[in-house]
Each structure stands twice: as C-alpha cells, then as structure tokens.
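Coordinates as given in input_17.cif (mmCIF, C-alpha atoms):
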data_upload
#
loop_
_atom_site.label_atom_id
_atom_site.label_comp_id
_atom_site.auth_asym_id
_atom_site.auth_seq_id
_atom_site.Cartn_x
_atom_site.Cartn_y
_atom_site.Cartn_z
CA MET A 1 -4.99 37.95 -7.43
CA ASP A 2 -3.98 37.76 -3.78
CA TYR A 3 -1.23 39.73 -2.15
CA LYS A 4 1.60 37.60 -0.76
CA ASP A 5 3.44 38.62 2.36
CA TYR A 6 6.92 37.32 1.60
CA TYR A 7 8.30 38.46 4.95
CA LYS A 8 5.61 36.58 6.84
CA LEU A 9 6.09 33.47 4.69
CA MET A 10 9.73 33.41 5.68
CA GLY A 11 9.07 34.40 9.29
CA VAL A 12 11.33 37.45 9.22
CA GLU A 13 10.80 41.13 10.01
CA ARG A 14 10.52 43.64 7.20
CA ASP A 15 13.86 45.14 8.21
CA ALA A 16 15.66 41.75 8.30
CA SER A 17 19.22 41.77 6.99
CA GLN A 18 20.18 39.77 3.88
CA ASP A 19 21.99 37.33 6.19
CA GLU A 20 18.89 36.81 8.32
CA ILE A 21 16.82 36.17 5.20
CA LYS A 22 19.36 33.66 3.96
CA ARG A 23 19.38 31.85 7.32
CA ALA A 24 15.58 31.75 7.42
CA TYR A 25 15.49 30.36 3.90
CA ARG A 26 18.03 27.63 4.60
CA LYS A 27 16.10 26.54 7.66
CA LEU A 28 12.71 26.50 5.93
CA ALA A 29 14.11 24.84 2.80
CA ARG A 30 15.45 21.97 4.90
CA LYS A 31 12.16 21.71 6.76
CA TYR A 32 9.89 21.70 3.73
CA HIS A 33 12.06 20.13 1.04
CA PRO A 34 9.70 17.65 -0.66
CA ASP A 35 12.35 14.92 -0.62
CA VAL A 36 12.96 15.31 3.08
CA SER A 37 9.68 16.42 4.62
CA LYS A 38 6.74 14.10 5.05
CA GLU A 39 4.32 16.92 5.78
CA SER A 40 1.42 16.77 3.36
CA ASP A 41 1.71 20.39 2.23
CA ALA A 42 5.52 20.31 2.05
CA GLU A 43 5.71 20.84 -1.70
CA LEU A 44 3.40 23.85 -1.61
CA ARG A 45 5.22 25.40 1.34
CA PHE A 46 8.57 24.76 -0.30
CA LYS A 47 7.45 26.57 -3.44
CA GLU A 48 6.09 29.51 -1.46
CA VAL A 49 9.29 29.83 0.52
CA GLY A 50 11.34 29.52 -2.68
CA GLU A 51 9.32 32.31 -4.27
CA ALA A 52 9.64 34.53 -1.20
CA TYR A 53 13.38 33.95 -1.13
CA ALA A 54 13.74 34.63 -4.87
CA VAL A 55 12.37 38.10 -4.19
CA LEU A 56 13.90 38.93 -0.83
CA LYS A 57 17.43 37.71 -1.56
CA ASP A 58 17.69 39.97 -4.57
CA PRO A 59 18.18 43.60 -3.43
CA GLU A 60 16.56 44.96 -6.62
CA LYS A 61 13.42 42.89 -6.31
CA ARG A 62 13.24 43.33 -2.57
CA ALA A 63 13.33 47.11 -2.99
CA ALA A 64 10.61 46.92 -5.63
CA TYR A 65 8.49 44.68 -3.40
CA ASP A 66 9.00 46.99 -0.39
CA GLU A 67 7.83 49.86 -2.58
CA LEU A 68 4.33 48.35 -2.45
CA GLY A 69 4.24 49.34 1.22
CA ALA A 70 3.68 47.48 4.47
CA ASP A 71 -0.10 47.92 4.65
CA TRP A 72 -1.03 44.94 2.51
CA LYS A 73 -2.31 41.81 4.21
CA ALA A 74 -1.64 38.30 2.94
CA GLY A 75 -4.54 37.07 0.83
CA GLN A 76 -5.85 40.59 0.18
CA GLU A 77 -7.04 41.26 -3.37
CA PHE A 78 -4.07 42.87 -5.05
CA ARG A 79 -3.56 45.21 -8.01
CA PRO A 80 -0.14 46.73 -8.49
CA PRO A 81 -0.22 50.54 -8.37
CA PRO A 82 -0.23 52.03 -11.89
CA ASP A 83 3.19 53.63 -11.52
CA TRP A 84 4.73 50.66 -9.72
CA GLY A 85 7.91 49.20 -11.12
CA THR A 86 8.95 52.25 -13.08
CA GLY A 87 12.48 53.13 -12.31
CA PHE A 88 13.44 49.61 -11.33
CA GLU A 89 15.66 47.54 -13.45
CA PHE A 90 15.67 43.78 -13.07
CA SER A 91 18.71 41.88 -14.09
CA GLY A 92 16.92 38.58 -13.91
CA SER A 93 19.64 37.01 -11.83
CA GLY A 94 18.78 34.23 -9.46
CA PHE A 95 15.96 32.83 -11.55
CA ASP A 96 16.23 29.31 -12.66
CA GLY A 97 14.59 28.67 -16.00
CA ALA A 98 14.01 25.09 -14.91
CA ASN A 99 11.57 26.42 -12.34
CA ALA A 100 9.50 28.39 -14.84
CA GLY A 101 5.85 28.06 -13.99
CA ALA A 102 6.56 27.44 -10.33
CA TYR A 103 5.77 30.96 -9.17
CA SER A 104 2.43 32.50 -8.23
CA ASP A 105 0.28 34.93 -10.21
CA PHE A 106 1.25 37.59 -7.72
CA PHE A 107 4.92 37.06 -8.51
CA GLU A 108 4.22 36.95 -12.22
CA GLN A 109 2.34 40.23 -12.05
CA LEU A 110 5.20 41.95 -10.26
CA PHE A 111 8.23 40.47 -11.91
CA GLY A 112 7.01 38.25 -14.71
CA GLN A 113 7.25 40.79 -17.52
CA SER A 114 10.94 41.39 -17.03
CA MET A 115 12.02 37.79 -16.88
CA GLY A 116 13.69 37.14 -20.18
CA ALA A 117 14.31 33.52 -19.29
CA ARG A 118 10.65 32.64 -19.47
CA ARG A 119 10.04 34.27 -22.83
CA GLY A 120 12.72 32.34 -24.63
CA ASP A 121 15.01 35.36 -24.76
CA PRO A 122 18.08 34.17 -26.68
CA SER A 123 20.39 36.04 -24.32
CA SER A 124 19.22 33.95 -21.37
CA ARG A 125 21.61 31.38 -20.04
CA HIS A 126 18.68 28.96 -19.95
CA PHE A 127 18.10 29.32 -23.65
CA GLN A 128 18.01 25.59 -24.00
CA ALA A 129 16.99 23.60 -20.98
CA ARG A 130 15.45 20.22 -20.37
CA GLY A 131 11.91 20.34 -18.98
CA GLU A 132 11.31 19.61 -15.32
CA ASP A 133 10.51 16.09 -14.22
CA HIS A 134 7.10 15.60 -12.67
CA HIS A 135 6.29 13.28 -9.81
CA ALA A 136 2.96 11.83 -8.80
CA LYS A 137 1.61 9.00 -6.73
CA VAL A 138 -0.72 6.42 -8.18
CA LEU A 139 -3.02 4.63 -5.78
CA ILE A 140 -3.83 1.06 -6.82
CA ASP A 141 -5.36 -1.99 -5.21
CA LEU A 142 -3.08 -4.79 -4.14
CA GLU A 143 -5.01 -7.06 -6.50
CA ASP A 144 -3.82 -4.88 -9.42
CA ALA A 145 -0.24 -5.92 -8.64
CA TYR A 146 -1.25 -9.56 -9.12
CA SER A 147 -2.97 -9.13 -12.46
CA GLY A 148 -1.73 -5.84 -13.91
CA ALA A 149 -4.15 -3.01 -14.70
CA THR A 150 -4.71 0.17 -16.65
CA ARG A 151 -5.42 3.21 -14.52
CA ALA A 152 -6.60 6.67 -15.49
CA ILE A 153 -4.49 9.17 -13.60
CA SER A 154 -5.55 12.79 -13.25
CA LEU A 155 -2.70 15.24 -12.97
CA ARG A 156 -2.69 18.93 -12.38
CA ALA A 157 0.41 20.88 -13.22
CA PRO A 158 1.35 24.51 -13.78
CA ALA A 159 2.15 25.35 -17.38
CA LEU A 160 2.75 28.46 -19.49
CA ASP A 161 0.19 29.59 -22.04
CA ALA A 162 1.08 31.14 -25.40
CA SER A 163 1.59 34.61 -23.91
CA GLY A 164 3.76 33.25 -21.11
CA HIS A 165 1.26 33.36 -18.27
CA VAL A 166 1.05 30.62 -15.68
CA ILE A 167 -2.07 28.51 -15.98
CA THR A 168 -3.07 25.26 -14.32
CA LYS A 169 -3.42 22.45 -16.75
CA ASP A 170 -5.40 19.32 -16.02
CA ARG A 171 -4.73 16.17 -17.93
CA THR A 172 -5.66 12.55 -17.66
CA LEU A 173 -3.29 9.79 -18.60
CA ASN A 174 -4.17 6.16 -19.05
CA VAL A 175 -1.23 4.26 -17.70
CA LYS A 176 -0.52 0.58 -17.77
CA ILE A 177 0.38 -0.78 -14.35
CA PRO A 178 2.50 -3.86 -14.97
CA LYS A 179 1.93 -7.09 -13.10
CA GLY A 180 4.30 -7.55 -10.18
CA VAL A 181 4.66 -3.94 -9.00
CA MET A 182 5.52 -3.29 -5.36
CA GLN A 183 4.73 -0.49 -2.93
CA GLY A 184 7.07 2.48 -3.51
CA GLN A 185 8.25 1.37 -6.96
CA LYS A 186 8.30 3.95 -9.69
CA ILE A 187 7.18 3.91 -13.28
CA ARG A 188 8.98 6.30 -15.58
CA LEU A 189 7.06 7.82 -18.48
CA SER A 190 9.62 9.44 -20.74
CA GLY A 191 8.76 12.86 -22.10
CA GLN A 192 5.58 13.25 -20.00
CA GLY A 193 7.06 15.94 -17.73
CA SER A 194 7.28 19.65 -18.54
CA PRO A 195 8.14 20.61 -22.10
CA GLY A 196 11.72 21.72 -22.64
CA HIS A 197 12.65 25.39 -23.01
CA GLY A 198 14.03 26.68 -26.26
CA GLY A 199 14.13 23.29 -27.98
CA GLY A 200 15.34 21.29 -24.98
CA THR A 201 13.92 17.83 -24.42
CA ALA A 202 10.82 17.33 -22.24
CA GLY A 203 11.18 16.09 -18.68
CA ASP A 204 9.92 12.72 -17.49
CA LEU A 205 6.95 11.79 -15.34
CA TYR A 206 7.61 9.48 -12.42
CA LEU A 207 4.66 7.65 -10.95
CA GLU A 208 5.15 6.13 -7.53
CA ILE A 209 3.08 3.06 -6.75
CA GLU A 210 1.09 3.16 -3.56
CA PHE A 211 -1.29 0.42 -2.45
CA ARG A 212 -4.65 1.42 -1.09
CA PRO A 213 -4.66 0.18 2.52
CA HIS A 214 -6.23 -3.25 2.61
CA LYS A 215 -8.56 -4.63 5.28
CA PHE A 216 -6.37 -7.64 6.01
CA TYR A 217 -3.41 -7.89 3.61
CA ARG A 218 -0.21 -6.09 4.52
CA PRO A 219 2.34 -5.88 1.70
CA ASP A 220 6.04 -5.92 2.55
CA GLY A 221 8.04 -5.75 -0.65
CA LYS A 222 7.01 -8.74 -2.73
CA ASN A 223 5.64 -10.59 0.30
CA ILE A 224 2.17 -10.29 1.80
CA HIS A 225 1.36 -10.75 5.46
CA MET A 226 -1.96 -11.59 6.99
CA SER A 227 -3.20 -12.27 10.46
CA LEU A 228 -5.43 -15.37 10.68
CA PRO A 229 -7.81 -15.71 13.64
CA VAL A 230 -8.05 -19.33 14.85
CA THR A 231 -9.97 -21.03 17.64
CA PRO A 232 -8.15 -22.78 20.50
CA TRP A 233 -9.32 -26.21 19.29
CA GLU A 234 -8.20 -25.56 15.69
CA ALA A 235 -4.79 -24.58 17.03
CA ALA A 236 -4.52 -27.38 19.58
CA LEU A 237 -5.90 -30.26 17.51
CA GLY A 238 -4.84 -29.06 14.07
CA SER A 239 -7.28 -28.42 11.22
CA THR A 240 -7.65 -27.19 7.68
CA VAL A 241 -9.16 -23.72 7.23
CA LYS A 242 -9.97 -21.53 4.23
CA VAL A 243 -7.65 -18.55 3.83
CA PRO A 244 -8.20 -15.73 1.33
CA THR A 245 -5.34 -14.64 -0.93
CA PRO A 246 -5.49 -11.99 -3.67
CA ILE A 247 -5.65 -14.81 -6.27
CA GLY A 248 -8.40 -16.82 -4.63
CA SER A 249 -8.82 -18.72 -1.41
CA VAL A 250 -6.68 -21.69 -0.43
CA ASP A 251 -7.01 -24.49 2.12
CA LEU A 252 -4.37 -23.99 4.78
CA LYS A 253 -3.39 -26.81 7.08
CA ILE A 254 -2.89 -25.63 10.65
CA PRO A 255 -0.62 -28.13 12.43
CA ALA A 256 -1.69 -29.52 15.80
CA GLY A 257 -0.16 -27.58 18.68
CA THR A 258 0.03 -24.25 16.82
CA THR A 259 0.71 -21.40 19.23
CA ASN A 260 -0.34 -17.76 19.01
CA GLY A 261 1.77 -15.67 16.61
CA LYS A 262 3.15 -18.62 14.67
CA THR A 263 3.80 -17.81 11.01
CA LEU A 264 3.02 -20.19 8.17
CA ARG A 265 4.32 -19.58 4.66
CA LEU A 266 2.44 -20.08 1.41
CA LYS A 267 5.29 -20.17 -1.08
CA GLY A 268 4.90 -18.14 -4.25
CA ARG A 269 1.51 -16.68 -3.30
CA GLY A 270 2.92 -13.18 -2.83
CA ILE A 271 3.24 -10.58 -5.59
CA PRO A 272 4.12 -12.28 -8.91
CA GLY A 273 7.63 -12.04 -10.34
CA SER A 274 10.66 -14.18 -10.85
CA PRO A 275 10.85 -15.31 -8.17
CA PRO A 276 7.39 -14.40 -6.87
CA GLY A 277 6.91 -13.24 -3.29
CA ASP A 278 5.48 -15.40 -0.52
CA PHE A 279 2.29 -15.13 1.47
CA TYR A 280 2.68 -15.27 5.24
CA VAL A 281 -0.13 -16.18 7.59
CA THR A 282 0.30 -15.46 11.29
CA SER A 283 -1.97 -17.29 13.68
CA GLU A 284 -3.99 -15.15 16.04
CA LEU A 285 -5.60 -17.22 18.79
CA THR A 286 -9.01 -15.94 19.76
CA LEU A 287 -11.08 -16.95 22.75
CA PRO A 288 -14.71 -17.87 22.36
CA PRO A 289 -16.90 -15.68 24.60
CA ALA A 290 -18.44 -17.10 27.77
CA ASN A 291 -21.82 -15.41 27.66
CA SER A 292 -24.42 -18.14 28.05
CA ASP A 293 -24.65 -20.45 31.02
CA ALA A 294 -23.71 -23.44 28.85
CA GLU A 295 -20.57 -21.64 27.66
CA LYS A 296 -19.61 -20.70 31.21
CA GLU A 297 -20.16 -24.32 32.26
CA PHE A 298 -17.82 -25.45 29.50
CA TYR A 299 -15.02 -23.12 30.65
CA LYS A 300 -15.53 -24.41 34.22
CA THR A 301 -15.13 -27.97 32.99
CA MET A 302 -11.90 -27.00 31.25
CA GLN A 303 -10.70 -25.33 34.41
CA GLN A 304 -11.23 -28.55 36.33
CA GLU A 305 -10.09 -31.01 33.67
CA MET A 306 -7.01 -29.24 32.33
CA PRO A 307 -4.17 -28.65 34.77
CA TYR A 308 -2.65 -25.76 32.87
CA ASN A 309 -0.56 -22.95 34.35
CA PRO A 310 0.52 -20.31 31.80
CA ARG A 311 2.36 -18.35 34.52
CA GLY A 312 4.75 -21.09 35.64
CA HIS A 313 7.78 -19.11 34.50
CA LEU A 314 6.74 -16.10 36.61
CA GLU A 315 7.56 -18.10 39.75
CA VAL A 316 4.47 -17.10 41.68
CA SER A 317 1.90 -19.38 43.24
CA ARG A 318 -0.98 -20.32 41.00
CA SER A 319 -3.88 -18.33 42.42
CA MET B 320 -8.64 13.45 -22.12
CA THR B 321 -6.90 10.86 -24.16
CA ALA B 322 -7.76 7.23 -24.74
CA LYS B 323 -4.18 6.29 -25.53
CA ILE B 324 -2.68 3.88 -23.05
CA LEU B 325 0.84 4.76 -22.00
CA THR B 326 3.33 2.13 -21.03
CA GLY B 327 6.24 3.32 -18.93
CA THR B 328 9.35 1.67 -17.66
CA LEU B 329 8.89 -0.03 -14.32
CA LEU B 330 11.93 0.91 -12.28
CA ASP B 331 12.53 -2.48 -10.65
CA ASP B 332 15.67 -4.53 -10.19
CA GLN B 333 15.46 -5.83 -13.77
CA VAL B 334 16.31 -2.50 -15.44
CA HIS B 335 19.74 -0.89 -15.59
CA PHE B 336 20.96 2.47 -16.74
CA SER B 337 24.22 3.66 -18.28
CA LEU B 338 26.21 6.67 -17.08
CA THR B 339 24.77 8.72 -19.94
CA GLU B 340 21.18 7.72 -19.14
CA ILE B 341 21.60 8.69 -15.49
CA SER B 342 23.13 12.07 -16.36
CA GLU B 343 20.35 12.76 -18.88
CA ALA B 344 17.65 11.89 -16.36
CA CYS B 345 19.26 14.33 -13.92
CA ALA B 346 19.73 16.96 -16.65
CA THR B 347 23.36 17.26 -15.72
CA ARG B 348 26.89 16.47 -16.83
CA ARG B 349 28.33 12.97 -16.72
CA GLU B 350 31.15 14.27 -14.51
CA TRP B 351 28.62 15.09 -11.80
CA VAL B 352 27.37 11.49 -11.80
CA VAL B 353 30.99 10.30 -11.61
CA GLU B 354 31.40 12.48 -8.51
CA LEU B 355 28.39 10.75 -6.94
CA VAL B 356 30.06 7.40 -7.56
CA GLU B 357 33.33 8.66 -6.07
CA GLU B 358 31.43 9.88 -3.01
CA GLY B 359 29.86 6.42 -2.63
CA ILE B 360 26.33 7.75 -3.23
CA LEU B 361 25.88 5.51 -6.27
CA GLU B 362 27.37 2.06 -6.64
CA PRO B 363 27.33 0.92 -10.25
CA SER B 364 28.40 -2.55 -11.31
CA GLY B 365 31.13 -2.90 -13.93
CA GLU B 366 34.77 -1.86 -13.81
CA GLU B 367 35.18 0.85 -16.44
CA ARG B 368 32.96 3.92 -16.74
CA SER B 369 31.79 2.94 -20.19
CA HIS B 370 30.51 -0.35 -18.77
CA TRP B 371 28.94 1.06 -15.63
CA GLN B 372 25.44 -0.27 -14.94
CA PHE B 373 23.23 1.61 -12.51
CA SER B 374 20.19 0.14 -10.76
CA SER B 375 16.84 1.91 -10.73
CA ASP B 376 17.44 2.73 -7.05
CA SER B 377 20.53 4.60 -8.25
CA LEU B 378 18.39 6.57 -10.68
CA SER B 379 16.01 7.68 -7.92
CA ARG B 380 18.95 8.47 -5.63
CA ALA B 381 20.72 10.52 -8.29
CA ILE B 382 17.60 12.57 -9.05
CA CYS B 383 16.99 13.15 -5.34
CA ALA B 384 20.68 14.07 -4.85
CA ARG B 385 20.41 16.61 -7.66
CA ARG B 386 17.40 18.29 -6.06
CA LEU B 387 18.94 18.32 -2.58
CA GLN B 388 22.14 19.83 -3.88
CA ARG B 389 20.33 22.46 -5.93
CA ASP B 390 17.68 23.46 -3.39
CA LEU B 391 19.62 23.20 -0.14
CA GLU B 392 23.03 24.14 -1.52
CA LEU B 393 24.62 21.05 0.03
CA ASN B 394 28.03 19.67 -0.83
CA LEU B 395 28.19 16.03 -1.91
CA ALA B 396 29.21 14.77 1.54
CA GLY B 397 26.10 16.47 2.94
CA VAL B 398 23.96 14.97 0.17
CA ALA B 399 25.37 11.51 0.92
CA LEU B 400 24.62 11.88 4.62
CA ALA B 401 21.09 13.15 3.95
CA LEU B 402 20.34 10.25 1.59
CA ASP B 403 21.61 7.65 4.05
CA LEU B 404 19.56 9.15 6.87
CA MET B 405 16.47 9.37 4.64
CA ASP B 406 16.88 5.67 3.77
CA GLU B 407 17.09 4.82 7.44
CA ILE B 408 14.01 6.89 8.30
CA GLU B 409 12.12 5.23 5.46
CA SER B 410 12.93 1.73 6.68
CA LEU B 411 12.04 2.66 10.28
CA ARG B 412 8.75 4.16 9.08
CA ASN B 413 7.94 0.95 7.22
CA ARG B 414 8.69 -1.14 10.29
CA LEU B 415 6.58 1.17 12.42
CA ARG B 416 3.70 1.04 9.98
CA ASN B 417 3.76 -2.76 9.89
CA THR B 418 3.91 -2.96 13.68
CA GLU B 419 0.99 -0.58 14.02
CA LEU B 420 -1.02 -2.63 11.53
CA LEU B 421 -0.16 -5.81 13.43
CA ASN B 422 -1.44 -4.33 16.68
CA GLU B 423 -4.64 -2.99 15.22
#

Turn the structure described in the file into structure tokens.
Amino acid sequence: MDYKDYYKLMGVERDASQDEIKRAYRKLARKYHPDVSKESDAELRFKEVGEAYAVLKDPEKRAAYDELGADWKAGQEFRPPPDWGTGFEFSGSGFDGANAGAYSDFFEQLFGQSMGARRGDPSSRHFQARGEDHHAKVLIDLEDAYSGATRAISLRAPALDASGHVITKDRTLNVKIPKGVMQGQKIRLSGQGSPGHGGGTAGDLYLEIEFRPHKFYRPDGKNIHMSLPVTPWEAALGSTVKVPTPIGSVDLKIPAGTTNGKTLRLKGRGIPGSPPGDFYVTSELTLPPANSDAEKEFYKTMQQEMPYNPRGHLEVSRS
Amino acid sequence: MTAKILTGTLLDDQVHFSLTEISEACATRREWVVELVEEGILEPSGEERSHWQFSSDSLSRAICARRLQRDLELNLAGVALALDLMDEIESLRNRLRNTELLNE
C-alpha cells in the first residue's frame, strides 16, 4: 500500500489553515470535476482531491494523519505504525455513504475501520441509500448505428467485499446497441450501477455512445458528411460516380458545372430513424498532376485554349 | 463473464420521464426537481406537475446538476449557469472537431 501525500495532492503547505484548504479544494474540484473537465485523468484526480479534502477538512482526521509525520513520500510503501490511531476518536462526519468504495486502500487502512457508514451501522444517516450510478463510454463503429449490434463491454469498478474492503471488480456485459443511435446518446441500464446500501435500490449504468473515428464518414447527429474528390472534367461536364455509404455504395450524379465545396444530399441515407438522417457529399476538386511531358503539354494547351482568370475579382492585372 | 444480453433504454427524443422518475434517477426528492424547473434548468412539457413530461436530455441535465451541486457546493443559479456554459462549449467543440476533420 502506497503512502498518499494529501497536502501535496491539494497543493497546500502542511501548516495550511482550514480556510486555505477549503479554497484549494474548491479550486481543484472545479478544475477536475468529471462533468466539467475534459482532461483524460479528471475523474481520477477528482477522486484523489476529494479523498485528500475528506481528511484535511476534518480536524480530527487531519490531526491523526499529521501524526504519521512529515517524512513519508508519496508512493512510498506504507504500514501504519502499530500504535497509530489510538487516542483518536472519529465521528465519521463528512463522509458520504454514496461515495463508499471511492477511497484508496491507504485511506481505508487509516480511517476505514471507524467508518460506521460503510459497515451498514444502523445508526448511520446513510442506513438506506440508493447505489451510485456508473458511467462508461462504449466505442462502436458507425456501421453499428445502421444495423444495430451487440457489444461486449468490459467495466472495472471499485466494490466492497464481504469484510468491507475495497476491491476492484471486473465484469463484462453484453449490451444491445439499438439501430439508429447517435454520437453522445446514452443507454440506461437500470440496476447495473453500484448495489444499494442497507436495502436501498441499485444505481443505474449509463453508457455513452461514441463512434470510432472513421476514415471518411463524419457523423453530425443523425446526418453523415463525406468529402468526395472529383476531377475537373467530372465537375465541369457532369458525370455519375460511385459513392460509398455505410449501407452500400450508390451512384451519385454530379451535375455539370459543379464547383469546389458544393454539397449534394442523399436523402434518408444517414443514420436510420423516423425520420432517418441524410447523407451529405461535399465535392472536393482535385487537380491531376503534371509530371510527364504529355501531361505538361495538356496543361499548356488548356492555358492557351481556355481564357480563364480566377483572380478577376482581385482587380489586379492577369500576370 | 455472462452470456446474457442486456437491453437498456436508449435515451433519445422518443422517451419521456415523469417527475418521479427523474427524482428517482437523481436519488433525490421531487421538490428538488421542481426547483430545477423553477430555475429554468429543466423544461418539461405539460401544465400540471402530475402531467410533466421530461426529455432524456432533461434526465442527463438533472443528474449532472445533482453532481455539480453536491461536489462543488453550487447554488441552483450557479448550476444553471455552469450547465448553459457546458452546453455551449460542447457545441463549439463539435463545430471545431468537424472543421478540423474537413481540413484534414
């Protein structure tokens, strides 16, 4: 078990006042709140800061923690001294039963044994509490949204074992992904969150849909966008080209005189639903390379035969 | 490992929740949800409380509001402001992501 430096985690000195600790907590909580922060380790940091604050804001626990001494380093292998904790009395205030299982082994070792709330102590105000909701992301392919799919989702969550210790529990759920889901939508699985405390109902599991980035499809709600490279002659003369969509390729008619960045709509070829989304194709004019002599000759012919000035509106002379 | 296939509720614009369902999902009192409506954080359809219908967006917003209030000790006006700003950031991020993909 590793020692945790709660002062360092909160960025305060060991002699910080209760007000300073509170200010540091407020600031860090806003920074790392999982709903607000987009930093990848936000949830972990938020929990660490929450644990540090749970100890340091409570004068009893802070005194007990300080008793360990200032010589410990974060991450150092830790065993509490044999006589540690004698003479301290913990009231258990400030602990939220709903957060049971959220604290580290280090915390459990120091304060866990005196926390009535986690042992189902009938005197606890959290005697009956609903289990925490769990949240997870599920990564699927865009094609899955067109046809529906069943995905095995591996989840790792802290849980309490029979003797009340925190353990990490792995589980795999097979979840049906319904046809027509969109990026960012959530699926609620009732009762798949943490078990309730003292007979309370279990929390729910929320799965947020995220599409694996696709090589050329870009989902936007129910609609899909795609950039379609076309040659100058296809755009100028008009033509019919094959375009891939997640439900098979289609023949798309490019009208004569199509300019770069023009968007064509394939109605109803977006993500299914009522109504289904649309599929948008944006033309991307590409220039053929002029590598060989023959190719260069062809560009020269165009230069001579086609009196075209794309910079007319810039009001400068042509060359 | 289980072979059972779970089917959840897809929280799309087809599903609606009652006042009681929202308060249960947030593990809180109905009065708290009513306060969210009074603050303009949630906008149910239906005139009377007993007929209120909440969208699935409302469910996500209510759960997020509950966490923000609990963890950051915000009042409801602060929660409302945070949620509105988070929505705006989210939509800007989406626009940015699509623009970046377009320019790739």

Expected selection from the PyMOL selection byres ((chain A and resi 186) around 8), given as a ChimeraX atom specification
/A:184-185,187-188,206-209 /B:329-331

Closest pair table for chain A residues within 7 Å of chain B, all atoms listed in the file, as a tab-separated table:
residue	atom	partner	partner_atom	distance
A:Arg26	CA	B:Leu391	CA	6.7
A:Ala29	CA	B:Leu391	CA	6.5
A:Arg30	CA	B:Leu391	CA	6.7
A:Asp35	CA	B:Cys383	CA	6.9
A:Arg130	CA	B:Ala346	CA	6.5
A:Arg171	CA	B:Met320	CA	6.3
A:Thr172	CA	B:Met320	CA	5.4
A:Leu173	CA	B:Thr321	CA	6.7
A:Asn174	CA	B:Ile324	CA	4.8
A:Val175	CA	B:Leu325	CA	4.8
A:Lys176	CA	B:Thr326	CA	5.3
A:Gln185	CA	B:Leu330	CA	6.5
A:Lys186	CA	B:Leu330	CA	5.4
A:Ile187	CA	B:Leu329	CA	4.4
A:Arg188	CA	B:Thr328	CA	5.1
A:Leu189	CA	B:Gly327	CA	4.6

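One finds CA of Gly273 in chain A at 29.2 Å from CA of Glu366 in chain B.
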
Would you pick out the contacts of Ile21 in chain A at 8 Å or less, using all atoms listed in the file, so that residues sharing its chain but fewer than 4 positions from it are not included, and give the list as a CSV table (one decimal) with C-alpha atoms, keeping the file's coordinate frame?
chain,number,residue,atom,x,y,z
A,10,MET,CA,9.7,33.4,5.7
A,12,VAL,CA,11.3,37.4,9.2
A,16,ALA,CA,15.7,41.8,8.3
A,17,SER,CA,19.2,41.8,7.0
A,25,TYR,CA,15.5,30.4,3.9
A,53,TYR,CA,13.4,34.0,-1.1
A,56,LEU,CA,13.9,38.9,-0.8
A,57,LYS,CA,17.4,37.7,-1.6

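CA of Ala256 in chain A is positioned 24.4 Å from CA of Phe216 in chain A.
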
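CA of Ser377 in chain B lies 13.8 Å from CA of Val398 in chain B.
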
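The environment of Ser374 in chain B within 7 Å, counting all atoms listed in the file and disregarding residues fewer than 6 places along the same chain, consists of Asp332, Val334, His335 and Phe336 of chain B.
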
Show which residues sit within 12 Å of Lys4 in chain A, as a VMD selection string. Count only C-alpha atoms, and ignore same-chain residues fewer than 3 positions away.
chain A and resid 1 7 to 10 48 to 49 51 to 52 55 65 to 66 68 70 to 79 103 to 110

Within 6 Å of (6.8, 15.0, -21.0) (file coordinates; all atoms listed in the file), which protein or nucleic acid residues are there? I'd like them as a ChimeraX atom specification.
/A:191-195,202-204

Centre and edge lengths of an axis-aligned box around all listed atoms of range 342-358 of chain B, with 3 Å added on each side, are to be given in Å to one decimal, as lines of an AutoDock Vina configuration file.
center_x = 25.5
center_y = 12.3
center_z = -10.9
size_x = 21.7
size_y = 15.9
size_z = 21.9

Hey, what comes out of the PyMOL selection byres ((chain A and resi 286) around 12) on this file? Could you write it as a ChimeraX atom specification?
/A:227-235,259-261,283-285,287-289

Expected selection from the PyMOL selection byres ((chain B and resi 361) around 8), given as a PyMOL selection string
chain B and resi 355-356+358-360+362-363+373+377+380-381

Using only C-alpha atoms, can you tell me which of A:Leu237, A:Leu252, A:Ser163, A:Pro246 comes closest to Lys215 in chain A?
A:Pro246
